[in-house]
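Shown below: protein_15.tsv, with TSV, C-alpha atoms and all ligand atoms.
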chain	number	residue	atom	x	y	z
D	1	MET	CA	-215.50	179.67	-82.11
D	2	THR	CA	-215.09	175.92	-81.65
D	3	ALA	CA	-214.51	174.33	-78.24
D	4	LEU	CA	-210.90	173.51	-79.16
D	5	GLU	CA	-210.22	177.08	-80.32
D	6	GLU	CA	-211.50	178.34	-76.99
D	7	LYS	CA	-209.36	175.88	-75.07
D	8	LEU	CA	-206.24	176.82	-77.06
D	9	LYS	CA	-206.84	180.56	-76.65
D	10	ALA	CA	-207.26	180.20	-72.89
D	11	ARG	CA	-204.07	178.16	-72.71
D	12	ILE	CA	-202.02	180.66	-74.71
D	13	ALA	CA	-203.47	183.57	-72.69
D	14	ALA	CA	-202.38	181.83	-69.48
D	15	GLU	CA	-199.05	180.28	-70.53
D	16	GLY	CA	-197.85	182.37	-73.48
D	17	PRO	CA	-197.21	181.21	-77.06
D	18	MET	CA	-196.89	177.44	-77.50
D	19	GLY	CA	-194.38	175.55	-79.64
D	20	MET	CA	-195.56	173.95	-82.87
D	21	ASP	CA	-195.34	170.62	-81.02
D	22	GLY	CA	-197.95	171.74	-78.49
D	23	TRP	CA	-200.16	173.03	-81.28
D	24	MET	CA	-199.95	169.82	-83.33
D	25	ALA	CA	-200.50	167.57	-80.30
D	26	ALA	CA	-203.59	169.54	-79.22
D	27	CYS	CA	-205.07	169.71	-82.73
D	28	LEU	CA	-204.51	166.03	-83.50
D	29	THR	CA	-204.92	164.14	-80.25
D	30	ASP	CA	-206.68	166.36	-77.70
D	31	PRO	CA	-208.62	163.73	-75.70
D	32	GLU	CA	-211.94	165.49	-76.35
D	33	HIS	CA	-211.67	167.54	-79.53
D	34	GLY	CA	-208.57	166.22	-81.35
D	35	TYR	CA	-208.76	165.58	-85.08
D	36	TYR	CA	-207.99	161.86	-84.71
D	37	THR	CA	-210.00	161.53	-81.51
D	38	THR	CA	-213.25	162.49	-83.15
D	39	ARG	CA	-213.27	160.97	-86.65
D	40	ASP	CA	-212.12	158.57	-89.36
D	41	PRO	CA	-210.28	160.99	-91.65
D	42	LEU	CA	-209.29	158.54	-94.39
D	43	GLY	CA	-210.57	157.93	-97.88
D	44	ALA	CA	-212.41	159.78	-100.61
D	45	ALA	CA	-215.04	161.19	-98.24
D	46	GLY	CA	-212.37	162.16	-95.68
D	47	ASP	CA	-209.43	164.54	-95.72
D	48	PHE	CA	-206.62	162.43	-97.18
D	49	ILE	CA	-205.86	159.01	-98.68
D	50	THR	CA	-202.98	156.66	-97.92
D	51	ALA	CA	-201.17	153.89	-99.82
D	52	PRO	CA	-203.14	150.94	-98.35
D	53	GLU	CA	-206.39	152.74	-99.19
D	54	ILE	CA	-205.20	153.29	-102.77
D	55	SER	CA	-204.60	149.60	-103.53
D	56	GLN	CA	-204.49	146.21	-101.82
D	57	MET	CA	-201.11	145.67	-103.55
D	58	PHE	CA	-199.32	147.89	-101.02
D	59	GLY	CA	-200.28	145.71	-98.05
D	60	GLU	CA	-199.77	142.50	-100.01
D	61	MET	CA	-196.17	143.41	-100.88
D	62	ILE	CA	-195.44	144.33	-97.26
D	63	GLY	CA	-197.15	141.17	-95.99
D	64	LEU	CA	-195.04	138.92	-98.23
D	65	TRP	CA	-191.94	140.91	-97.25
D	66	LEU	CA	-192.68	140.42	-93.53
D	67	ALA	CA	-193.29	136.70	-94.03
D	68	GLN	CA	-189.99	136.41	-95.93
D	69	VAL	CA	-188.04	138.20	-93.20
D	70	TRP	CA	-189.74	136.08	-90.54
D	71	MET	CA	-188.87	132.83	-92.38
D	72	ASP	CA	-185.28	134.01	-93.06
D	73	GLN	CA	-184.92	134.54	-89.30
D	74	GLY	CA	-186.05	130.97	-88.57
D	75	GLY	CA	-189.74	131.72	-87.99
D	76	PRO	CA	-189.70	132.60	-84.26
D	77	ALA	CA	-193.00	131.66	-82.60
D	78	PRO	CA	-194.85	133.28	-81.04
D	79	PHE	CA	-194.06	136.79	-82.26
D	80	VAL	CA	-195.60	140.25	-82.02
D	81	LEU	CA	-197.03	141.60	-85.28
D	82	ALA	CA	-197.47	145.29	-84.55
D	83	GLU	CA	-198.69	148.33	-86.43
D	84	LEU	CA	-198.35	151.95	-85.38
D	85	GLY	CA	-201.31	154.14	-86.36
D	86	PRO	CA	-203.28	151.49	-88.28
D	87	GLY	CA	-205.94	153.88	-89.66
D	88	ARG	CA	-208.82	151.78	-90.94
D	89	GLY	CA	-206.99	148.48	-90.43
D	90	THR	CA	-206.71	148.02	-94.20
D	91	LEU	CA	-202.93	147.61	-94.25
D	92	MET	CA	-202.93	145.00	-91.47
D	93	ALA	CA	-205.80	143.09	-93.11
D	94	ASP	CA	-203.92	142.98	-96.44
D	95	ILE	CA	-200.69	141.98	-94.64
D	96	LEU	CA	-202.41	139.10	-92.85
D	97	ARG	CA	-204.11	137.88	-96.02
D	98	ALA	CA	-200.83	137.81	-97.96
D	99	ALA	CA	-198.48	136.68	-95.16
D	100	GLY	CA	-201.01	134.08	-94.07
D	101	LYS	CA	-199.87	132.02	-97.06
D	102	ALA	CA	-196.57	131.37	-95.24
D	103	PRO	CA	-197.06	128.20	-93.15
D	104	GLY	CA	-197.26	128.96	-89.42
D	105	PHE	CA	-197.17	132.77	-89.76
D	106	ALA	CA	-200.78	133.55	-88.87
D	107	GLU	CA	-200.80	131.05	-85.97
D	108	ALA	CA	-197.61	132.51	-84.46
D	109	ALA	CA	-198.62	136.16	-84.89
D	110	GLN	CA	-200.01	138.11	-81.97
D	111	VAL	CA	-201.55	141.21	-83.59
D	112	VAL	CA	-201.07	144.37	-81.54
D	113	LEU	CA	-202.17	147.81	-82.73
D	114	VAL	CA	-200.78	151.08	-81.34
D	115	GLU	CA	-203.62	153.57	-81.61
D	116	THR	CA	-204.99	156.51	-79.61
D	117	SER	CA	-208.15	157.25	-81.59
D	118	PRO	CA	-211.35	155.65	-80.24
D	119	ALA	CA	-213.06	156.34	-83.59
D	120	LEU	CA	-210.37	154.48	-85.55
D	121	LYS	CA	-210.07	151.63	-83.02
D	122	ALA	CA	-213.71	150.81	-83.76
D	123	VAL	CA	-213.05	150.72	-87.52
D	124	GLN	CA	-209.94	148.55	-86.97
D	125	ALA	CA	-211.87	146.10	-84.77
D	126	GLU	CA	-214.26	145.51	-87.62
D	127	ALA	CA	-211.58	145.14	-90.32
D	128	LEU	CA	-209.55	142.67	-88.21
D	129	ALA	CA	-212.36	140.80	-86.48
D	130	GLY	CA	-210.97	137.36	-87.33
D	131	PHE	CA	-207.50	138.04	-85.89
D	132	ALA	CA	-208.16	138.91	-82.23
D	133	PRO	CA	-206.07	142.11	-82.22
D	134	ARG	CA	-205.07	143.88	-79.02
D	135	TRP	CA	-204.66	147.64	-78.65
D	136	VAL	CA	-202.11	149.67	-76.75
D	137	GLU	CA	-201.63	153.43	-76.76
D	138	ARG	CA	-197.83	153.63	-76.83
D	139	VAL	CA	-194.94	151.61	-78.22
D	140	GLU	CA	-193.54	151.00	-74.71
D	141	GLN	CA	-196.72	149.08	-73.92
D	142	LEU	CA	-196.18	146.48	-76.67
D	143	PRO	CA	-195.78	142.95	-75.26
D	144	GLU	CA	-192.25	141.52	-75.14
D	145	GLY	CA	-191.17	139.13	-77.90
D	146	PRO	CA	-189.67	139.17	-81.39
D	147	LEU	CA	-191.19	142.28	-82.96
D	148	TYR	CA	-192.31	142.56	-86.61
D	149	LEU	CA	-193.61	146.09	-86.94
D	150	VAL	CA	-194.96	148.37	-89.66
D	151	ALA	CA	-195.80	152.08	-89.57
D	152	ASN	CA	-197.23	153.79	-92.64
D	153	GLU	CA	-197.89	157.52	-92.34
D	154	PHE	CA	-197.64	157.34	-88.54
D	155	PHE	CA	-194.48	159.35	-87.88
D	156	ASP	CA	-195.73	162.33	-89.93
D	157	ALA	CA	-198.52	162.79	-87.38
D	158	LEU	CA	-196.12	163.21	-84.45
D	159	PRO	CA	-195.65	166.78	-83.19
D	160	VAL	CA	-192.55	168.70	-84.31
D	161	ARG	CA	-190.84	171.80	-82.95
D	162	GLN	CA	-189.67	174.43	-85.42
D	163	PHE	CA	-186.46	176.41	-85.00
D	164	ILE	CA	-185.33	179.41	-87.01
D	165	ARG	CA	-181.59	179.90	-87.30
D	166	VAL	CA	-180.23	183.23	-86.06
D	167	GLU	CA	-176.56	184.31	-86.17
D	168	ASP	CA	-175.29	182.20	-83.28
D	169	GLY	CA	-178.23	179.99	-82.32
D	170	TRP	CA	-181.95	179.47	-82.67
D	171	HIS	CA	-185.35	181.04	-82.15
D	172	GLU	CA	-188.36	178.78	-81.75
D	173	ARG	CA	-191.37	179.37	-83.98
D	174	CYS	CA	-194.47	179.41	-81.79
D	175	VAL	CA	-198.21	179.94	-82.00
D	176	GLY	CA	-199.58	182.98	-80.17
D	177	LEU	CA	-202.70	185.14	-80.24
D	178	GLU	CA	-203.20	187.69	-83.00
D	179	GLY	CA	-206.35	189.82	-83.28
D	180	GLU	CA	-209.34	187.50	-83.01
D	181	GLY	CA	-207.34	184.43	-83.98
D	182	PHE	CA	-203.92	182.79	-83.84
D	183	GLY	CA	-200.62	183.98	-85.29
D	184	PHE	CA	-196.99	182.92	-85.43
D	185	ALA	CA	-194.46	184.31	-82.97
D	186	THR	CA	-190.82	183.54	-82.21
D	187	ARG	CA	-188.84	183.35	-78.99
D	188	PRO	CA	-185.14	182.83	-78.32
D	189	VAL	CA	-184.34	179.33	-77.02
D	190	GLN	CA	-181.38	177.24	-75.97
D	191	ALA	CA	-181.24	174.23	-78.31
D	192	PRO	CA	-177.90	172.46	-77.79
D	193	GLU	CA	-179.35	169.40	-79.57
D	194	LEU	CA	-179.25	171.49	-82.76
D	195	ASP	CA	-175.54	172.39	-82.55
D	196	TYR	CA	-174.86	169.94	-85.40
D	197	ARG	CA	-177.20	171.91	-87.67
D	198	LEU	CA	-175.17	175.12	-87.31
D	199	GLU	CA	-172.85	173.63	-89.97
D	200	ASP	CA	-175.38	173.24	-92.78
D	201	THR	CA	-177.77	176.14	-92.09
D	202	ALA	CA	-177.61	179.93	-92.46
D	203	PRO	CA	-179.52	182.66	-90.58
D	204	GLY	CA	-183.20	182.58	-91.60
D	205	ASP	CA	-183.28	178.81	-92.27
D	206	LEU	CA	-185.88	176.71	-90.48
D	207	VAL	CA	-185.32	173.19	-89.14
D	208	GLU	CA	-187.71	170.82	-87.40
D	209	THR	CA	-187.18	168.27	-84.65
D	210	CYS	CA	-189.47	165.50	-83.46
D	211	ALA	CA	-188.65	164.25	-79.97
D	212	GLU	CA	-191.52	161.75	-79.99
D	213	ALA	CA	-190.30	160.14	-83.24
D	214	ALA	CA	-186.81	159.71	-81.79
D	215	LYS	CA	-188.25	158.15	-78.65
D	216	VAL	CA	-190.35	155.67	-80.63
D	217	ALA	CA	-187.42	154.72	-82.89
D	218	GLY	CA	-185.23	154.20	-79.81
D	219	GLU	CA	-187.79	151.94	-78.17
D	220	ILE	CA	-188.16	149.86	-81.35
D	221	GLY	CA	-184.37	149.55	-81.68
D	222	GLN	CA	-184.04	148.35	-78.07
D	223	ARG	CA	-186.70	145.69	-78.58
D	224	LEU	CA	-185.21	144.42	-81.84
D	225	ALA	CA	-181.79	144.12	-80.21
D	226	ARG	CA	-183.15	142.51	-77.03
D	227	HIS	CA	-184.87	139.66	-78.86
D	228	ARG	CA	-182.25	139.28	-81.62
D	229	ALA	CA	-185.08	138.78	-84.14
D	230	GLY	CA	-187.68	140.96	-85.83
D	231	VAL	CA	-187.82	143.93	-88.16
D	232	ALA	CA	-189.47	147.36	-88.38
D	233	LEU	CA	-190.62	148.98	-91.61
D	234	ILE	CA	-191.27	152.72	-91.47
D	235	VAL	CA	-192.87	154.31	-94.56
D	236	ASP	CA	-193.52	158.02	-94.76
D	237	TYR	CA	-192.78	161.21	-96.67
D	238	GLY	CA	-189.62	163.05	-95.88
D	239	ASP	CA	-185.89	162.85	-96.40
D	240	VAL	CA	-182.59	162.34	-94.57
D	241	LEU	CA	-182.30	165.90	-93.23
D	242	SER	CA	-185.07	168.27	-92.15
D	243	LYS	CA	-184.92	171.66	-93.81
D	244	GLY	CA	-187.67	174.24	-94.18
D	245	ASP	CA	-191.20	174.46	-92.83
D	246	THR	CA	-192.95	171.19	-93.75
D	247	VAL	CA	-195.95	171.42	-91.43
D	248	GLN	CA	-199.08	171.28	-93.54
D	249	ALA	CA	-202.81	171.08	-92.98
D	250	LEU	CA	-205.23	169.18	-95.21
D	251	ARG	CA	-208.99	169.32	-95.16
D	252	ALA	CA	-211.18	167.51	-97.68
D	253	HIS	CA	-208.07	166.77	-99.80
D	254	ALA	CA	-207.18	170.51	-100.08
D	255	PRO	CA	-204.48	172.50	-98.23
D	256	VAL	CA	-205.63	174.97	-95.55
D	257	GLY	CA	-203.64	177.23	-93.20
D	258	VAL	CA	-201.91	175.46	-90.30
D	259	LEU	CA	-203.60	177.79	-87.77
D	260	GLU	CA	-206.91	177.95	-89.59
D	261	ALA	CA	-209.06	175.07	-88.41
D	262	PRO	CA	-207.63	173.50	-85.23
D	263	GLY	CA	-208.98	169.97	-84.74
D	264	GLU	CA	-210.81	170.05	-88.08
D	265	ALA	CA	-207.88	169.55	-90.46
D	266	ASP	CA	-205.14	166.92	-90.59
D	267	LEU	CA	-201.73	168.28	-89.59
D	268	THR	CA	-198.50	166.58	-90.65
D	269	ALA	CA	-194.79	167.25	-90.99
D	270	HIS	CA	-192.18	165.56	-93.16
D	271	VAL	CA	-190.19	162.86	-91.41
D	272	ASP	CA	-186.49	163.46	-90.78
D	273	PHE	CA	-185.28	159.92	-91.54
D	274	GLY	CA	-181.71	160.81	-90.62
D	275	ALA	CA	-182.78	161.75	-87.09
D	276	LEU	CA	-184.99	158.65	-86.93
D	277	ALA	CA	-182.17	156.31	-87.95
D	278	ALA	CA	-179.76	158.05	-85.56
D	279	ALA	CA	-182.17	157.39	-82.66
D	280	ARG	CA	-182.40	153.64	-83.32
D	281	GLY	CA	-179.94	152.69	-80.57
D	282	PRO	CA	-178.49	149.19	-80.84
D	283	ALA	CA	-180.36	148.07	-84.00
D	284	GLU	CA	-179.13	148.28	-87.61
D	285	ALA	CA	-180.71	150.53	-90.26
D	286	ALA	CA	-180.91	149.39	-93.89
D	287	PRO	CA	-180.20	152.08	-96.53
D	288	LEU	CA	-183.11	154.52	-96.88
D	289	THR	CA	-185.00	153.48	-100.03
D	290	PRO	CA	-187.71	155.29	-102.03
D	291	GLN	CA	-191.12	153.62	-101.85
D	292	GLY	CA	-191.29	153.13	-105.62
D	293	VAL	CA	-187.95	151.33	-105.69
D	294	PHE	CA	-188.83	149.18	-102.68
D	295	LEU	CA	-192.19	148.08	-104.12
D	296	GLU	CA	-190.66	147.35	-107.54
D	297	ARG	CA	-187.96	145.19	-105.95
D	298	LEU	CA	-190.65	143.23	-104.12
D	299	GLY	CA	-192.46	142.52	-107.41
D	300	ILE	CA	-195.41	144.90	-107.38
D	301	THR	CA	-195.50	145.09	-111.18
D	302	ALA	CA	-195.88	141.32	-111.56
D	303	ARG	CA	-198.65	141.41	-108.97
D	304	ALA	CA	-200.29	144.35	-110.77
D	305	GLN	CA	-200.26	142.43	-114.05
D	306	ALA	CA	-201.79	139.33	-112.44
D	307	LEU	CA	-204.60	141.41	-110.92
D	308	ALA	CA	-205.11	143.34	-114.19
D	309	GLY	CA	-205.96	140.08	-115.99
D	310	ARG	CA	-209.19	139.89	-113.98
D	311	LEU	CA	-210.28	143.49	-114.57
D	312	THR	CA	-211.93	145.43	-117.41
D	313	GLY	CA	-213.17	148.96	-118.11
D	314	ALA	CA	-213.12	151.55	-115.34
D	315	ALA	CA	-211.86	149.05	-112.73
D	316	LEU	CA	-208.84	148.28	-114.93
D	317	SER	CA	-208.07	151.97	-115.49
D	318	GLU	CA	-208.29	152.62	-111.74
D	319	HIS	CA	-206.01	149.69	-111.01
D	320	ILE	CA	-203.38	150.92	-113.50
D	321	ALA	CA	-203.59	154.43	-112.00
D	322	ALA	CA	-203.17	153.00	-108.48
D	323	HIS	CA	-199.99	151.12	-109.47
D	324	ARG	CA	-198.60	154.32	-110.98
D	325	ARG	CA	-199.58	156.38	-107.94
D	326	LEU	CA	-197.77	154.04	-105.53
D	327	THR	CA	-194.58	153.66	-107.56
D	328	HIS	CA	-194.01	156.53	-110.01
D	329	PRO	CA	-191.31	159.06	-109.01
D	330	GLU	CA	-193.64	161.97	-109.79
D	331	GLU	CA	-196.36	160.55	-107.56
D	332	MET	CA	-195.64	158.72	-104.24
D	333	GLY	CA	-192.67	156.73	-105.55
D	334	ARG	CA	-189.89	159.17	-104.66
D	335	LEU	CA	-191.33	161.46	-101.97
D	336	PHE	CA	-192.19	158.47	-99.76
D	337	LYS	CA	-189.24	156.61	-98.25
D	338	CYS	CA	-188.86	153.23	-96.57
D	339	LEU	CA	-186.62	152.73	-93.56
D	340	ALA	CA	-186.04	149.23	-92.18
D	341	LEU	CA	-184.54	148.60	-88.75
D	342	HIS	CA	-183.33	145.11	-87.85
D	343	PRO	CA	-181.23	143.42	-85.14
D	344	SER	CA	-177.50	143.57	-85.90
D	345	ASN	CA	-177.23	139.77	-85.84
D	346	THR	CA	-179.72	139.46	-88.75
D	347	ALA	CA	-179.31	140.02	-92.50
D	348	THR	CA	-180.38	143.21	-94.28
D	349	PRO	CA	-184.02	142.57	-95.26
D	350	PRO	CA	-184.91	142.05	-98.96
D	351	GLY	CA	-185.70	145.15	-101.00
D	352	PHE	CA	-183.03	147.40	-99.44
L	401	LIG	N1	-201.40	153.80	-91.34
L	401	LIG	C1	-202.72	154.15	-91.80
L	401	LIG	C2	-203.26	155.45	-91.20
L	401	LIG	C3	-202.39	156.67	-91.26
L	401	LIG	S1	-203.18	158.05	-90.44
L	401	LIG	C4	-202.75	154.18	-93.31
L	401	LIG	O1	-201.70	154.08	-93.92
L	401	LIG	O2	-203.84	154.29	-93.88
L	401	LIG	C5	-202.34	158.14	-88.89
L	401	LIG	C6	-202.71	157.08	-87.88
L	401	LIG	O3	-201.93	157.27	-86.70
L	401	LIG	C7	-204.16	157.08	-87.42
L	401	LIG	O4	-204.55	155.76	-87.17
L	401	LIG	C8	-204.07	157.89	-86.12
L	401	LIG	O5	-205.16	157.72	-85.27
L	401	LIG	C9	-202.78	157.39	-85.56
L	401	LIG	N2	-202.09	158.28	-84.62
L	401	LIG	C10	-201.82	159.59	-84.79
L	401	LIG	N3	-201.11	160.08	-83.75
L	401	LIG	C11	-200.92	159.05	-82.91
L	401	LIG	C12	-200.25	158.90	-81.65
L	401	LIG	N4	-199.62	159.93	-81.07
L	401	LIG	N5	-200.24	157.68	-81.06
L	401	LIG	C13	-200.86	156.62	-81.65
L	401	LIG	N6	-201.50	156.70	-82.84
L	401	LIG	C14	-201.54	157.89	-83.45

Write the structure described by the file as structure tokens, please.
Ligand code: SAH
Amino acid sequence: MTALEEKLKARIAAEGPMGMDGWMAACLTDPEHGYYTTRDPLGAAGDFITAPEISQMFGEMIGLWLAQVWMDQGGPAPFVLAELGPGRGTLMADILRAAGKAPGFAEAAQVVLVETSPALKAVQAEALAGFAPRWVERVEQLPEGPLYLVANEFFDALPVRQFIRVEDGWHERCVGLEGEGFGFATRPVQAPELDYRLEDTAPGDLVETCAEAAKVAGEIGQRLARHRAGVALIVDYGDVLSKGDTVQALRAHAPVGVLEAPGEADLTAHVDFGALAAARGPAEAAPLTPQGVFLERLGITARAQALAGRLTGAALSEHIAAHRRLTHPEEMGRLFKCLALHPSNTATPPGF
């Protein structure tokens, strides 16, 4: 039995079954044994791969997009260039390389990374050595100022609660003890915040909520409105309305049971973009747009062709596959969505 398994068993024995949110939070960010606390999980040798790790084109498109929005808004200086959950720092490095072509952008940008993982902070420090980044642990700790923010595959790591519809209300799906290991349990709960889901669900249906995601979206919306400049780009998998159990565990690029390897597998849930947009407070939300459509509108195919001219053989084949993977509807193009939040006094950003 691992140290985290022991800790979780003792906690359930003392306090009773825990919500899926407690389980996810402990598995991912336990300060000693959490999945993200202890390792760099990204890449071929890790457990999963993300868009910026697939191709530099992803970060380049987003960097040029940020620079365009910043210029369209009159180029406020200084500004906060923030990323939530920056992983290996690859996305921010590609953003800075591409956006750095816009005069004044790099000089005005104060790079701030929101990260809890000591292991990943070290990797980010290396990737972004030339840009003097600062780290904070939560969005509320970001410095004040016009905020230009990106978050790729951050919200899917935030803990969700799961509710199963019964005739006139909800039961919460929890994690309890079962034999030598863990098992699912349910308990009746009051969930007035889910009244609006009684309309579109039937007994037996499962819905998920993410209080942390709503809190983060609200904080971003407040900041955008307060400074009347800035933008936030949220990219993740999910859709406008949560329905069904979407919590999944990945280890070495293969699915494993959600209760199987606490702290050793990545745990994620689909993002409910409807709930996220609804929590944005005083900011505007641009229409939710599939990643493939967004990247095509920004010109990824022209960029792919320019890069292809310098490649041959296996490198060329890999590059073509990467373009397809990022944009094609059967790969990441449709499952992944882009949500942009912006102050109501500013124009809808390009690409939406
Ligand atoms: N955006 C990167 C990495 C995605 S993995 C990419 O696209 O490659 C998720 C990232 O979010 C990791 O950096 C992880 O350490 C961070 N993270 C997870 N939960 C977090 C939390 N509650 N607060 C801050 N960062 C978190």

Return as JSON, numbers by chain every polymer residue, whether protein, DNA or RNA, with at least one atom no more than 7 Å from an atom of ligand LIG 401 (chain L); count all atoms listed in the file.
-> {"D": [28, 29, 36, 42, 50, 51, 52, 53, 84, 85, 86, 87, 88, 90, 91, 114, 115, 116, 117, 120, 137, 138, 151, 152, 153, 154, 157, 158]}

Might you pull out every residue within 12 Å of Phe48 of chain D, with all atoms listed in the file counted and same-chain residues fewer than 5 positions away left off, and present them as an NGL selection string?
-> :D and (40-43 or 53-54 or 87 or 153 or 249-255 or 265-268)

Any idea what's packed within 10 Å of segment 193-199 of chain D, counting all atoms listed in the file, ignoring anything in its chain fewer than 6 positions away? Could you give it as a PyMOL selection string?
-> chain D and resi 163+165-170+207-209+241-243

Could you please take those selected residues and save C-alpha atoms as a compact mmCIF listing (two decimals), keeping the file's coordinate frame?
# COMPACT_ATOMS: atom_id res chain seq x y z
CA PHE D 163 -186.46 176.41 -85.00
CA ARG D 165 -181.59 179.90 -87.30
CA VAL D 166 -180.23 183.23 -86.06
CA GLU D 167 -176.56 184.31 -86.17
CA ASP D 168 -175.29 182.20 -83.28
CA GLY D 169 -178.23 179.99 -82.32
CA TRP D 170 -181.95 179.47 -82.67
CA VAL D 207 -185.32 173.19 -89.14
CA GLU D 208 -187.71 170.82 -87.40
CA THR D 209 -187.18 168.27 -84.65
CA LEU D 241 -182.30 165.90 -93.23
CA SER D 242 -185.07 168.27 -92.15
CA LYS D 243 -184.92 171.66 -93.81

With a cut-off of 8 Å, could you pull out the residues of segment 233-302 of chain D touching segment 328-336 of chain D and give me the nearest pair of atoms for each, distance in Å to one decimal, using only C-alpha atoms, ordered by chain and ascending number, as JSON lines?
{"residue": "D:Val235", "atom": "CA", "partner": "D:Phe336", "partner_atom": "CA", "distance": 6.7}
{"residue": "D:Asp236", "atom": "CA", "partner": "D:Phe336", "partner_atom": "CA", "distance": 5.2}
{"residue": "D:Tyr237", "atom": "CA", "partner": "D:Phe336", "partner_atom": "CA", "distance": 4.2}
{"residue": "D:Gly238", "atom": "CA", "partner": "D:Leu335", "partner_atom": "CA", "distance": 6.5}
{"residue": "D:Asp239", "atom": "CA", "partner": "D:Leu335", "partner_atom": "CA", "distance": 7.9}
{"residue": "D:Pro290", "atom": "CA", "partner": "D:Arg334", "partner_atom": "CA", "distance": 5.2}
{"residue": "D:Gln291", "atom": "CA", "partner": "D:Gly333", "partner_atom": "CA", "distance": 5.1}
{"residue": "D:Gly292", "atom": "CA", "partner": "D:Gly333", "partner_atom": "CA", "distance": 3.9}
{"residue": "D:Val293", "atom": "CA", "partner": "D:Gly333", "partner_atom": "CA", "distance": 7.2}

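Shortest atom-to-atom contact with Pro287 of chain D among D:Pro349, D:Gly257, D:Gly179, D:Gly63: D:Pro349, counting only C-alpha atoms.
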
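Proximity ranking of D:Gln190, D:Ala225, D:Val175, D:Ala217 relative to Gly274 of chain D places D:Ala217 first, based on only C-alpha atoms.
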
Mind checking which residues fall within 10 Å of segment 297-311 of chain D, counting only C-alpha atoms, ignoring those fewer than 2 positions away in the same chain, and posting them as a ChimeraX atom specification?
-> /D:55,57-58,60-62,64-65,291-295,313-320,322-324,326-327,350-352

Mind giving me the straight-line distance from atom CA of Ala283 of chain D to atom CA of Ser344 of chain D in Å, one decimal?
-> 5.7 Å
